[in-house]
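Peer 1: Sending over a structure as structure tokens; questions will come in a sec.
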Amino acid sequence: MSNDPGGMGAGGDVGDAHLSLSADAGEPMAEKYLPGAGLAEPVMVDVTEVRPELADSALVDAIVAADRTVRTEVGEPLLRMEDVSVVFGGLTALDSVSFDIRRGEILGLIGPNGAGKTTAFNAMTGVYRPTKGLVRFDGQVLGKAKRNQITRLGIARTFQNIRLFNEMTALENVVVGTDARHRTSVPGALLRTRRHRQEERDAIDRSMAILEFVGVGARATEKARNLSYGEQRRLEIARALATEPKLLCLDEPAAGFNPAEKEALMDLIRHIRDDGYTVLLIEHDMRLVRGVTDRIVVLEFGKVIAEGTPEDVTSDPKVIAAYLGVPDEELPEGDADAPA
Ligand SMILES: Nc1ncnc2c1ncn2[C@@H]1O[C@H](COP(=O)(O)OP(=O)(O)OP(=O)(O)O)[C@@H](O)[C@H]1O
């Protein structure tokens, strides 16, 4: 089998169609990995024995690479929060918040507990509707779009608390994510038309490549609940990538990780960005945020208090005060905006 099944150089521009291993693949992977496939016991699989092509990391990158048909250019705003407020009863969780997420960057969203980070995430992903203001994504106002519509538009997220289908295998969890992109109609799926079967095979192949990409390919046939905590976090990222997002939102993906796991996660996040995705990262660990982000937005009490490069933001007295709980009057002489 060719190492370049899509007819393009690995790592090249993949256009709006993802590479697929199925095009010239003989036996569909479904027969190896899906239920009823004769796998009585969960096993560790050497993915590259089944699909030798997946040993080529450049090809895996090309298969997983982001959809390039985004209307904005690298560096232009992909998502804009425009004067967004979210009010719960009497509590203003977000107060006239404006910032951009630029295409191709890793943007860190930080702030102390209760600052409004998750609320901002939820406003972007359709969980909450802004009380005031607009969220614009890829040139389109999200308005009343429902969560599944927002996923289709190209925003995917992971959750602070891992939410996987525990009784499904790792691979099945990722295949579920690909459903967001299926084009077959319900009758087509019921009748198992050729197009539907091809779509299924492509989904399995792409999911396998994504698992390999995030580093859990060898656990494809294991039930999600049997994966280690770190593997489950990576699986969540894999499932989000399977929806083919333009923007990947990660909500504290390193929570509970030791330093070595955090280091490895930073590498993965950079790798995801380098593969053409835009990433929004909520994270408490300042070292991780500094090490991986291109820009940072800081929230405190629902307001943006700083925005800029990691170096500028983390040396900003207002930010230091917000994190250390120093009252404004104890900040350096002058006002809180004074440089450190
Ligand atoms: N559904 C809700 N109903 C009422 N209040 C809420 C709701 N969701 C969040 N809040 C409140 O809004 C404020 C912002 O919460 P949010 O979870 O967005 O903060 P956060 O910065 O993500 O905090 P953490 O780092 O602790 O996760 C908090 O005071 C929180 O109690």
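A note on labels: chains of the structure tokens are A, B, ... as shown, every chain counts residues from 1, and ligands are counted from 1 in their shown order.
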Using only C-alpha atoms and all ligand atoms, which residues of chain A come within 9 Å of ligand 1, and what is the closest atom pair for each, with the distance in Å to one decimal? Give it as a Markdown table, sorted by chain and residue number.
Peer 2:
```
| residue | atom | partner | partner_atom_place_in_ligand_line | distance |
| --- | --- | --- | --- | --- |
| A:Val86 | CA | ligand 1 | 12 (O) | 8.5 |
| A:Val87 | CA | ligand 1 | 5 (N) | 8.0 |
| A:Phe88 | CA | ligand 1 | 4 (C) | 5.0 |
| A:Gly89 | CA | ligand 1 | 4 (C) | 7.2 |
| A:Gly90 | CA | ligand 1 | 4 (C) | 9.0 |
| A:Leu91 | CA | ligand 1 | 5 (N) | 6.7 |
| A:Thr92 | CA | ligand 1 | 12 (O) | 7.0 |
| A:Ala93 | CA | ligand 1 | 12 (O) | 4.2 |
| A:Leu94 | CA | ligand 1 | 14 (C) | 7.3 |
| A:Leu109 | CA | ligand 1 | 21 (O) | 9.0 |
| A:Ile110 | CA | ligand 1 | 21 (O) | 7.5 |
| A:Gly111 | CA | ligand 1 | 21 (O) | 6.0 |
| A:Pro112 | CA | ligand 1 | 25 (O) | 5.9 |
| A:Asn113 | CA | ligand 1 | 26 (O) | 3.6 |
| A:Gly114 | CA | ligand 1 | 19 (O) | 3.4 |
| A:Ala115 | CA | ligand 1 | 21 (O) | 3.7 |
| A:Gly116 | CA | ligand 1 | 18 (O) | 3.2 |
| A:Lys117 | CA | ligand 1 | 21 (O) | 3.8 |
| A:Thr118 | CA | ligand 1 | 22 (O) | 3.7 |
| A:Thr119 | CA | ligand 1 | 18 (O) | 3.7 |
| A:Ala120 | CA | ligand 1 | 18 (O) | 6.5 |
| A:Phe121 | CA | ligand 1 | 18 (O) | 7.9 |
| A:Asn122 | CA | ligand 1 | 18 (O) | 8.2 |
| A:Tyr128 | CA | ligand 1 | 1 (N) | 8.4 |
| A:Gln160 | CA | ligand 1 | 27 (O) | 7.9 |
| A:Asp251 | CA | ligand 1 | 22 (O) | 8.7 |
| A:Glu252 | CA | ligand 1 | 27 (O) | 8.6 |
| A:Ile282 | CA | ligand 1 | 22 (O) | 8.2 |
| A:Glu283 | CA | ligand 1 | 25 (O) | 8.1 |
| A:His284 | CA | ligand 1 | 25 (O) | 7.2 |
| A:Leu299 | CA | ligand 1 | 21 (O) | 7.5 |
| A:Glu300 | CA | ligand 1 | 21 (O) | 7.8 |
| A:Phe301 | CA | ligand 1 | 14 (C) | 7.5 |
| A:Gly302 | CA | ligand 1 | 14 (C) | 6.8 |
```
Peer 1: Hey, what does DSSP flag as strand (DSSP E or B) within range 146-230 of chain A? Can you give it to me as a count of residues only?
Peer 2: 5
Peer 1: Report, in Å to a single decimal, how far apart CA of Arg233 in chain A and CA of Pro253 in chain A are.
Peer 2: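 Straight-line distance from CA of Pro253 in chain A to CA of Arg233 in chain A works out to 6.6 Å.
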Peer 1: Can you pull out the residues contacting Val74 in chain A? Cut-off 10 Å, using only C-alpha atoms, and skip same-chain residues under 4 positions away; I want them as a PyMOL selection string.
Peer 2: chain A and resi 70+78+102-105+276+278
Peer 1: Could you write out the selected residues, including N, CA and C atoms, as a PDB file, in the first residue's frame?
Peer 2:
```
ATOM      1  N   VAL A  70     -10.968  27.477   6.206  1.00  0.00           N
ATOM      2  CA  VAL A  70     -11.492  28.475   7.129  1.00  0.00           C
ATOM      3  C   VAL A  70     -11.396  29.806   6.397  1.00  0.00           C
ATOM      4  N   LEU A  78     -10.602  34.355  14.565  1.00  0.00           N
ATOM      5  CA  LEU A  78     -11.458  33.217  14.230  1.00  0.00           C
ATOM      6  C   LEU A  78     -12.727  33.310  15.078  1.00  0.00           C
ATOM      7  N   ARG A 102      -7.291  34.303  17.702  1.00  0.00           N
ATOM      8  CA  ARG A 102      -6.800  34.421  16.317  1.00  0.00           C
ATOM      9  C   ARG A 102      -6.509  33.041  15.740  1.00  0.00           C
ATOM     10  N   ARG A 103      -6.807  32.936  14.478  1.00  0.00           N
ATOM     11  CA  ARG A 103      -6.616  31.642  13.818  1.00  0.00           C
ATOM     12  C   ARG A 103      -5.150  31.207  13.877  1.00  0.00           C
ATOM     13  N   GLY A 104      -4.944  29.961  14.305  1.00  0.00           N
ATOM     14  CA  GLY A 104      -3.601  29.387  14.333  1.00  0.00           C
ATOM     15  C   GLY A 104      -2.843  29.626  15.619  1.00  0.00           C
ATOM     16  N   GLU A 105      -3.484  30.246  16.620  1.00  0.00           N
ATOM     17  CA  GLU A 105      -2.769  30.496  17.869  1.00  0.00           C
ATOM     18  C   GLU A 105      -3.256  29.573  18.984  1.00  0.00           C
ATOM     19  N   GLY A 276      -2.439  22.804  12.418  1.00  0.00           N
ATOM     20  CA  GLY A 276      -3.409  23.677  11.759  1.00  0.00           C
ATOM     21  C   GLY A 276      -4.626  24.041  12.588  1.00  0.00           C
ATOM     22  N   THR A 278      -6.660  25.832  15.849  1.00  0.00           N
ATOM     23  CA  THR A 278      -6.599  26.955  16.774  1.00  0.00           C
ATOM     24  C   THR A 278      -7.023  26.412  18.137  1.00  0.00           C
TER      25      THR A 278
END
```
